[in-house]
Amino acid sequence: MEKKIRRIGVLTSGGDSPGMNAAIRAVVRTAEAEGIEVIGIRRGWNGLINGDVFRMKGSDVAHIINRGGTILFTARSDAFRTKEGRAKAYSTCKLLGLDGIVMIGGDGTFAGGLAFSSEYPVSVIGIPATIDNDIGCSHYCIGYDTAANTAIEAIDKIRDTMQSHERCSVIEVMGHRAGNLALYVGIATGATAVLVPEEPWDFENDVAEKIRSARLAGRTHFMIVVAEGAKRKDDGSLDNESVGNGGAGYQLAGLIHEHLGLDPRVTVLGHLQRGGSPSARDRVTATRMGFLAVEAILNGKNNRIIVRQNGTLIDIDITEGLKEKNYLSEDEKKVLAAMTGSIR
């Protein structure tokens, strides 16, 4: 006989992203409709270790679909990386009688869930949520659209004042290891150049020549979008010690001033991109993923991730999913190349 699902947990882990609350809401309401009790686990895997939990009902998730962040809070857990930590987490599961856990987060969250499920009989289902959109097995992650729109709105406003003063703008967006957000935002804002972590850049070819070409075409304002993890070909990592008090954006601005005689202004958008009310796309995608996560548990599935592939939402094996690497969209790279000449 199939095991009857009576009670599941839901948690958010890693960096927050707009749409997490919509996913939580969908999990709670779908489970409630199926007669399943939901336990909210605060502060990610740490909450499972420490027993920081509470019973969730439909009323607890009313009016949260439009809220950014996560009502369950989020945290990274070093303790959960250890067998001792996972053993404590399983003790909480046994105490509460949890039949499964829906985990909302990124690849670190999923790797932790996979390790946990391989050691203990707890079904885990993942929902990808990260503004970097860097989960290789999913073509879309919750929060990406909202973060991109936030960055685009900010850049449009910066452009207004920079054009008035005929200045060069350097906009640093999030993306420590992945340039998906920078590439997408760069296309949407008509950037003069885009620099990403995946492809180390050369100042003369990838920045200076593009600015010169734009100036010769009659433009007096230049917009450079750079991911925070972008690296130069000649000096590698752009850590704070090597560039003073700033990151990639400040180093680039220094080179522009030194070699081109311009007076660039740097804007680091930072955590602004993680906040705000989620877009319609993130709300709907999160709701559908939350619904499918509960369905997967009801159907006896384990170690799955709900992903979007080729326009369709499906569930895939976590082990196989984590093997897939994130790559920049080749189509978007071609588009940007046509607009600016190339991408680095």
# chains A, B, ... in the order shown; residues from 1 in each chain; ligands from 1
call {"tool": "select_by_dssp", "arguments": {"residues": "range 200-264 of chain A", "states": "strand (DSSP E or B)", "output": "list of chain:residue names"}}
result
A:Trp201, A:Phe222, A:Met223, A:Ile224, A:Val225, A:Val226, A:Ala227, A:Arg232, A:Gly236
call {"tool": "select_by_dssp", "arguments": {"residues": "range 95-200 of chain A", "states": "alpha helix (DSSP H)", "output": "JSON, numbers by chain"}}
result
{"A": [95, 96, 107, 108, 109, 110, 111, 112, 113, 114, 115, 116, 117, 118, 119, 144, 145, 146, 147, 148, 149, 150, 151, 152, 153, 154, 155, 156, 157, 158, 159, 160, 161, 162, 163, 164, 165, 180, 181, 182, 183, 184, 185, 186, 187, 188, 189]}
call {"tool": "closest_atom_pairs", "arguments": {"of": "range 89-113 of chain A", "to": "range 299-319 of chain A", "cutoff": "9 Å", "atoms": "only C-alpha atoms", "output": "tab-separated table"}}
result
residue	atom	partner	partner_atom	distance
A:Gly100	CA	A:Asn302	CA	8.4
A:Phe110	CA	A:Ile318	CA	7.2
A:Ala111	CA	A:Ile318	CA	8.1
A:Gly113	CA	A:Asn303	CA	8.0
call {"tool": "atom_distance", "arguments": {"atom1": "CA of Val335 in chain A", "atom2": "CA of Val194 in chain A"}}
result
12.2 Å
call {"tool": "residues_around", "arguments": {"residues": "Lys210 in chain A", "least_positions_apart": "4", "cutoff": "7 Å", "atoms": "only C-alpha atoms", "output": "ChimeraX atom specification"}}
result
/A:192-193,206,214
call {"tool": "residues_around", "arguments": {"residues": "range 47-62 of chain A", "least_positions_apart": "2", "cutoff": "7 Å", "atoms": "only C-alpha atoms", "output": "PDB file with N, CA, C and O atoms, in the first residue's frame"}}
result
ATOM      1  N   ARG A  25       2.814  30.121  -0.562  1.00  0.00           N
ATOM      2  CA  ARG A  25       1.337  30.194  -0.582  1.00  0.00           C
ATOM      3  C   ARG A  25       0.742  29.031  -1.373  1.00  0.00           C
ATOM      4  O   ARG A  25      -0.232  28.392  -0.937  1.00  0.00           O
ATOM      5  N   VAL A  28       1.042  25.697   0.579  1.00  0.00           N
ATOM      6  CA  VAL A  28       0.101  25.604   1.699  1.00  0.00           C
ATOM      7  C   VAL A  28      -1.322  25.386   1.202  1.00  0.00           C
ATOM      8  O   VAL A  28      -2.043  24.506   1.697  1.00  0.00           O
ATOM      9  N   ARG A  29      -1.735  26.150   0.205  1.00  0.00           N
ATOM     10  CA  ARG A  29      -3.127  26.054  -0.244  1.00  0.00           C
ATOM     11  C   ARG A  29      -3.400  24.763  -1.008  1.00  0.00           C
ATOM     12  O   ARG A  29      -4.490  24.185  -0.898  1.00  0.00           O
ATOM     13  N   VAL A  38       0.533  21.420   6.706  1.00  0.00           N
ATOM     14  CA  VAL A  38       1.818  22.006   6.323  1.00  0.00           C
ATOM     15  C   VAL A  38       2.490  22.637   7.542  1.00  0.00           C
ATOM     16  O   VAL A  38       1.860  23.377   8.307  1.00  0.00           O
ATOM     17  N   ILE A  39       3.764  22.319   7.700  1.00  0.00           N
ATOM     18  CA  ILE A  39       4.582  22.897   8.768  1.00  0.00           C
ATOM     19  C   ILE A  39       5.569  23.875   8.146  1.00  0.00           C
ATOM     20  O   ILE A  39       6.372  23.496   7.286  1.00  0.00           O
ATOM     21  N   GLY A  40       5.491  25.122   8.551  1.00  0.00           N
ATOM     22  CA  GLY A  40       6.449  26.114   8.073  1.00  0.00           C
ATOM     23  C   GLY A  40       7.753  25.991   8.852  1.00  0.00           C
ATOM     24  O   GLY A  40       7.751  25.931  10.083  1.00  0.00           O
ATOM     25  N   ILE A  41       8.867  25.929   8.136  1.00  0.00           N
ATOM     26  CA  ILE A  41      10.187  25.793   8.765  1.00  0.00           C
ATOM     27  C   ILE A  41      10.923  27.125   8.557  1.00  0.00           C
ATOM     28  O   ILE A  41      11.212  27.507   7.420  1.00  0.00           O
ATOM     29  N   ARG A  42      11.184  27.818   9.622  1.00  0.00           N
ATOM     30  CA  ARG A  42      11.821  29.126   9.529  1.00  0.00           C
ATOM     31  C   ARG A  42      13.341  28.991   9.372  1.00  0.00           C
ATOM     32  O   ARG A  42      13.952  28.092   9.918  1.00  0.00           O
ATOM     33  N   ARG A  43      13.915  29.934   8.611  1.00  0.00           N
ATOM     34  CA  ARG A  43      15.373  30.076   8.468  1.00  0.00           C
ATOM     35  C   ARG A  43      16.043  28.842   7.861  1.00  0.00           C
ATOM     36  O   ARG A  43      17.094  28.395   8.303  1.00  0.00           O
ATOM     37  N   GLY A  44      15.388  28.283   6.856  1.00  0.00           N
ATOM     38  CA  GLY A  44      15.988  27.212   6.074  1.00  0.00           C
ATOM     39  C   GLY A  44      16.277  25.952   6.857  1.00  0.00           C
ATOM     40  O   GLY A  44      15.557  25.588   7.793  1.00  0.00           O
ATOM     41  N   TRP A  45      17.372  25.285   6.455  1.00  0.00           N
ATOM     42  CA  TRP A  45      17.726  24.019   7.098  1.00  0.00           C
ATOM     43  C   TRP A  45      18.080  24.220   8.563  1.00  0.00           C
ATOM     44  O   TRP A  45      17.919  23.303   9.380  1.00  0.00           O
ATOM     45  N   ILE A  64       0.051  37.421   0.678  1.00  0.00           N
ATOM     46  CA  ILE A  64       1.516  37.417   0.600  1.00  0.00           C
ATOM     47  C   ILE A  64       2.016  37.222  -0.829  1.00  0.00           C
ATOM     48  O   ILE A  64       3.217  37.331  -1.086  1.00  0.00           O
ATOM     49  N   GLY A  85      24.513  17.526  11.919  1.00  0.00           N
ATOM     50  CA  GLY A  85      23.442  18.491  11.704  1.00  0.00           C
ATOM     51  C   GLY A  85      22.236  17.854  11.035  1.00  0.00           C
ATOM     52  O   GLY A  85      21.084  18.103  11.420  1.00  0.00           O
ATOM     53  N   LYS A  88      20.237  15.787  13.474  1.00  0.00           N
ATOM     54  CA  LYS A  88      19.343  16.605  14.298  1.00  0.00           C
ATOM     55  C   LYS A  88      18.104  17.012  13.503  1.00  0.00           C
ATOM     56  O   LYS A  88      16.992  17.048  14.032  1.00  0.00           O
ATOM     57  N   ALA A  89      18.312  17.312  12.234  1.00  0.00           N
ATOM     58  CA  ALA A  89      17.189  17.701  11.388  1.00  0.00           C
ATOM     59  C   ALA A  89      16.203  16.542  11.248  1.00  0.00           C
ATOM     60  O   ALA A  89      14.980  16.741  11.272  1.00  0.00           O
ATOM     61  N   THR A  92      13.950  16.183  14.183  1.00  0.00           N
ATOM     62  CA  THR A  92      12.812  17.099  14.107  1.00  0.00           C
ATOM     63  C   THR A  92      11.736  16.534  13.190  1.00  0.00           C
ATOM     64  O   THR A  92      10.536  16.601  13.492  1.00  0.00           O
TER      65      THR A  92
END
call {"tool": "residues_around", "arguments": {"residues": "range 253-255 of chain A", "least_positions_apart": "6", "cutoff": "10 Å", "atoms": "only C-alpha atoms", "output": "ChimeraX atom specification"}}
result
/A:168-171,203-204,207-208,224,243,261-266
call {"tool": "write_last_selection", "arguments": {"atoms": "N, CA and C atoms", "output": "compact mmCIF listing (two decimals), in the first residue's frame"}}
result
# COMPACT_ATOMS: atom_id res chain seq x y z
N CYS A 168 29.66 58.85 -18.55
CA CYS A 168 29.73 57.40 -18.69
C CYS A 168 29.20 56.76 -17.40
N SER A 169 28.30 55.82 -17.55
CA SER A 169 27.73 55.13 -16.39
C SER A 169 28.25 53.70 -16.34
N VAL A 170 28.68 53.27 -15.17
CA VAL A 170 29.05 51.88 -14.93
C VAL A 170 28.06 51.33 -13.91
N ILE A 171 27.25 50.36 -14.33
CA ILE A 171 26.23 49.79 -13.47
C ILE A 171 26.63 48.37 -13.10
N PHE A 203 40.16 45.11 -21.44
CA PHE A 203 39.68 46.49 -21.41
C PHE A 203 39.70 47.14 -22.79
N GLU A 204 40.79 47.01 -23.52
CA GLU A 204 40.92 47.70 -24.79
C GLU A 204 39.86 47.23 -25.80
N VAL A 207 35.83 47.09 -23.91
CA VAL A 207 35.24 48.30 -23.33
C VAL A 207 35.65 49.55 -24.11
N ALA A 208 36.96 49.81 -24.18
CA ALA A 208 37.44 51.05 -24.78
C ALA A 208 36.99 51.21 -26.23
N ILE A 224 27.74 51.02 -19.31
CA ILE A 224 28.42 49.73 -19.19
C ILE A 224 27.75 48.94 -18.07
N VAL A 243 41.21 45.88 -5.58
CA VAL A 243 40.67 47.07 -6.25
C VAL A 243 40.24 48.15 -5.28
N GLY A 261 40.02 59.15 -20.25
CA GLY A 261 39.84 60.53 -19.81
C GLY A 261 38.41 60.90 -19.47
N LEU A 262 37.53 59.91 -19.36
CA LEU A 262 36.14 60.17 -18.98
C LEU A 262 36.01 60.15 -17.46
N ASP A 263 34.91 60.70 -16.98
CA ASP A 263 34.66 60.74 -15.54
C ASP A 263 33.45 59.88 -15.23
N PRO A 264 33.63 58.56 -15.19
CA PRO A 264 32.48 57.65 -15.03
C PRO A 264 31.87 57.69 -13.63
N ARG A 265 30.59 57.42 -13.57
CA ARG A 265 29.88 57.29 -12.30
C ARG A 265 29.49 55.83 -12.12
N VAL A 266 29.77 55.29 -10.94
CA VAL A 266 29.49 53.88 -10.66
C VAL A 266 28.24 53.78 -9.79
call {"tool": "atom_distance", "arguments": {"atom1": "CA of Gly19 in chain A", "atom2": "CA of Val122 in chain A"}}
result
25.4 Å
call {"tool": "atom_distance", "arguments": {"atom1": "CA of Ile158 in chain A", "atom2": "CA of Lys233 in chain A"}}
result
28.6 Å
call {"tool": "closest_residue", "arguments": {"among": "A:Val173, A:Ile101, A:Ala26, A:Met289", "to": "Ile5 in chain A", "atoms": "only C-alpha atoms"}}
result
A:Ile101
call {"tool": "closest_residue", "arguments": {"among": "A:Leu98, A:Arg177, A:Thr189, A:Ile24", "to": "Lys157 in chain A", "atoms": "only C-alpha atoms"}}
result
A:Thr189
call {"tool": "closest_residue", "arguments": {"among": "A:Met162, A:Ala33, A:Leu183, A:Ala75", "to": "Thr340 in chain A", "atoms": "only C-alpha atoms"}}
result
A:Leu183
call {"tool": "decode", "arguments": {"residues": "range 34-64 of chain A", "atoms": "N, CA and C atoms", "output": "PDB file, in the first residue's frame"}}
result
ATOM      1  N   GLU A  34      -5.871  19.225  -0.328  1.00  0.00           N
ATOM      2  CA  GLU A  34      -5.730  17.763  -0.367  1.00  0.00           C
ATOM      3  C   GLU A  34      -5.811  17.143   1.026  1.00  0.00           C
ATOM      4  N   GLY A  35      -6.087  17.966   2.034  1.00  0.00           N
ATOM      5  CA  GLY A  35      -6.190  17.446   3.389  1.00  0.00           C
ATOM      6  C   GLY A  35      -4.853  17.168   4.043  1.00  0.00           C
ATOM      7  N   ILE A  36      -3.800  17.815   3.571  1.00  0.00           N
ATOM      8  CA  ILE A  36      -2.454  17.630   4.118  1.00  0.00           C
ATOM      9  C   ILE A  36      -2.086  18.827   4.982  1.00  0.00           C
ATOM     10  N   GLU A  37      -1.514  18.563   6.123  1.00  0.00           N
ATOM     11  CA  GLU A  37      -1.069  19.628   7.011  1.00  0.00           C
ATOM     12  C   GLU A  37       0.318  20.115   6.583  1.00  0.00           C
ATOM     13  N   VAL A  38       0.533  21.420   6.706  1.00  0.00           N
ATOM     14  CA  VAL A  38       1.818  22.006   6.323  1.00  0.00           C
ATOM     15  C   VAL A  38       2.490  22.637   7.542  1.00  0.00           C
ATOM     16  N   ILE A  39       3.764  22.319   7.700  1.00  0.00           N
ATOM     17  CA  ILE A  39       4.582  22.897   8.768  1.00  0.00           C
ATOM     18  C   ILE A  39       5.569  23.875   8.146  1.00  0.00           C
ATOM     19  N   GLY A  40       5.491  25.122   8.551  1.00  0.00           N
ATOM     20  CA  GLY A  40       6.449  26.114   8.073  1.00  0.00           C
ATOM     21  C   GLY A  40       7.753  25.991   8.852  1.00  0.00           C
ATOM     22  N   ILE A  41       8.867  25.929   8.136  1.00  0.00           N
ATOM     23  CA  ILE A  41      10.187  25.793   8.765  1.00  0.00           C
ATOM     24  C   ILE A  41      10.923  27.125   8.557  1.00  0.00           C
ATOM     25  N   ARG A  42      11.184  27.818   9.622  1.00  0.00           N
ATOM     26  CA  ARG A  42      11.821  29.126   9.529  1.00  0.00           C
ATOM     27  C   ARG A  42      13.341  28.991   9.372  1.00  0.00           C
ATOM     28  N   ARG A  43      13.915  29.934   8.611  1.00  0.00           N
ATOM     29  CA  ARG A  43      15.373  30.076   8.468  1.00  0.00           C
ATOM     30  C   ARG A  43      16.043  28.842   7.861  1.00  0.00           C
ATOM     31  N   GLY A  44      15.388  28.283   6.856  1.00  0.00           N
ATOM     32  CA  GLY A  44      15.988  27.212   6.074  1.00  0.00           C
ATOM     33  C   GLY A  44      16.277  25.952   6.857  1.00  0.00           C
ATOM     34  N   TRP A  45      17.372  25.285   6.455  1.00  0.00           N
ATOM     35  CA  TRP A  45      17.726  24.019   7.098  1.00  0.00           C
ATOM     36  C   TRP A  45      18.080  24.220   8.563  1.00  0.00           C
ATOM     37  N   ASN A  46      18.537  25.419   8.932  1.00  0.00           N
ATOM     38  CA  ASN A  46      18.808  25.692  10.346  1.00  0.00           C
ATOM     39  C   ASN A  46      17.544  25.528  11.181  1.00  0.00           C
ATOM     40  N   GLY A  47      16.420  25.954  10.623  1.00  0.00           N
ATOM     41  CA  GLY A  47      15.164  25.838  11.348  1.00  0.00           C
ATOM     42  C   GLY A  47      14.768  24.401  11.591  1.00  0.00           C
ATOM     43  N   LEU A  48      15.098  23.517  10.623  1.00  0.00           N
ATOM     44  CA  LEU A  48      14.788  22.106  10.807  1.00  0.00           C
ATOM     45  C   LEU A  48      15.680  21.507  11.894  1.00  0.00           C
ATOM     46  N   ILE A  49      16.929  21.938  11.943  1.00  0.00           N
ATOM     47  CA  ILE A  49      17.846  21.455  12.978  1.00  0.00           C
ATOM     48  C   ILE A  49      17.402  21.919  14.357  1.00  0.00           C
ATOM     49  N   ASN A  50      16.978  23.185  14.449  1.00  0.00           N
ATOM     50  CA  ASN A  50      16.671  23.792  15.746  1.00  0.00           C
ATOM     51  C   ASN A  50      15.207  23.692  16.149  1.00  0.00           C
ATOM     52  N   GLY A  51      14.382  23.105  15.277  1.00  0.00           N
ATOM     53  CA  GLY A  51      12.964  22.989  15.607  1.00  0.00           C
ATOM     54  C   GLY A  51      12.216  24.312  15.548  1.00  0.00           C
ATOM     55  N   ASP A  52      12.675  25.225  14.695  1.00  0.00           N
ATOM     56  CA  ASP A  52      12.033  26.534  14.552  1.00  0.00           C
ATOM     57  C   ASP A  52      10.896  26.402  13.534  1.00  0.00           C
ATOM     58  N   VAL A  53       9.760  25.892  13.998  1.00  0.00           N
ATOM     59  CA  VAL A  53       8.664  25.514  13.091  1.00  0.00           C
ATOM     60  C   VAL A  53       7.329  25.991  13.638  1.00  0.00           C
ATOM     61  N   PHE A  54       6.321  26.027  12.746  1.00  0.00           N
ATOM     62  CA  PHE A  54       4.964  26.346  13.175  1.00  0.00           C
ATOM     63  C   PHE A  54       3.972  25.782  12.161  1.00  0.00           C
ATOM     64  N   ARG A  55       2.761  25.515  12.606  1.00  0.00           N
ATOM     65  CA  ARG A  55       1.727  24.987  11.731  1.00  0.00           C
ATOM     66  C   ARG A  55       1.209  26.120  10.841  1.00  0.00           C
ATOM     67  N   MET A  56       1.084  25.849   9.538  1.00  0.00           N
ATOM     68  CA  MET A  56       0.618  26.857   8.591  1.00  0.00           C
ATOM     69  C   MET A  56      -0.767  26.489   8.062  1.00  0.00           C
ATOM     70  N   LYS A  57      -1.613  27.493   7.966  1.00  0.00           N
ATOM     71  CA  LYS A  57      -2.945  27.328   7.393  1.00  0.00           C
ATOM     72  C   LYS A  57      -3.129  28.329   6.259  1.00  0.00           C
ATOM     73  N   GLY A  58      -4.219  28.196   5.549  1.00  0.00           N
ATOM     74  CA  GLY A  58      -4.486  29.095   4.443  1.00  0.00           C
ATOM     75  C   GLY A  58      -4.485  30.550   4.855  1.00  0.00           C
ATOM     76  N   SER A  59      -4.956  30.820   6.061  1.00  0.00           N
ATOM     77  CA  SER A  59      -5.002  32.206   6.543  1.00  0.00           C
ATOM     78  C   SER A  59      -3.607  32.786   6.749  1.00  0.00           C
ATOM     79  N   ASP A  60      -2.619  31.914   6.979  1.00  0.00           N
ATOM     80  CA  ASP A  60      -1.248  32.394   7.195  1.00  0.00           C
ATOM     81  C   ASP A  60      -0.602  32.909   5.914  1.00  0.00           C
ATOM     82  N   VAL A  61      -1.146  32.494   4.766  1.00  0.00           N
ATOM     83  CA  VAL A  61      -0.533  32.897   3.503  1.00  0.00           C
ATOM     84  C   VAL A  61      -1.431  33.850   2.718  1.00  0.00           C
ATOM     85  N   ALA A  62      -2.443  34.389   3.383  1.00  0.00           N
ATOM     86  CA  ALA A  62      -3.297  35.368   2.726  1.00  0.00           C
ATOM     87  C   ALA A  62      -2.511  36.660   2.487  1.00  0.00           C
ATOM     88  N   HIS A  63      -2.682  37.242   1.326  1.00  0.00           N
ATOM     89  CA  HIS A  63      -2.099  38.542   0.985  1.00  0.00           C
ATOM     90  C   HIS A  63      -0.565  38.550   0.999  1.00  0.00           C
ATOM     91  N   ILE A  64       0.051  37.421   0.678  1.00  0.00           N
ATOM     92  CA  ILE A  64       1.516  37.417   0.600  1.00  0.00           C
ATOM     93  C   ILE A  64       2.016  37.222  -0.829  1.00  0.00           C
TER      94      ILE A  64
END
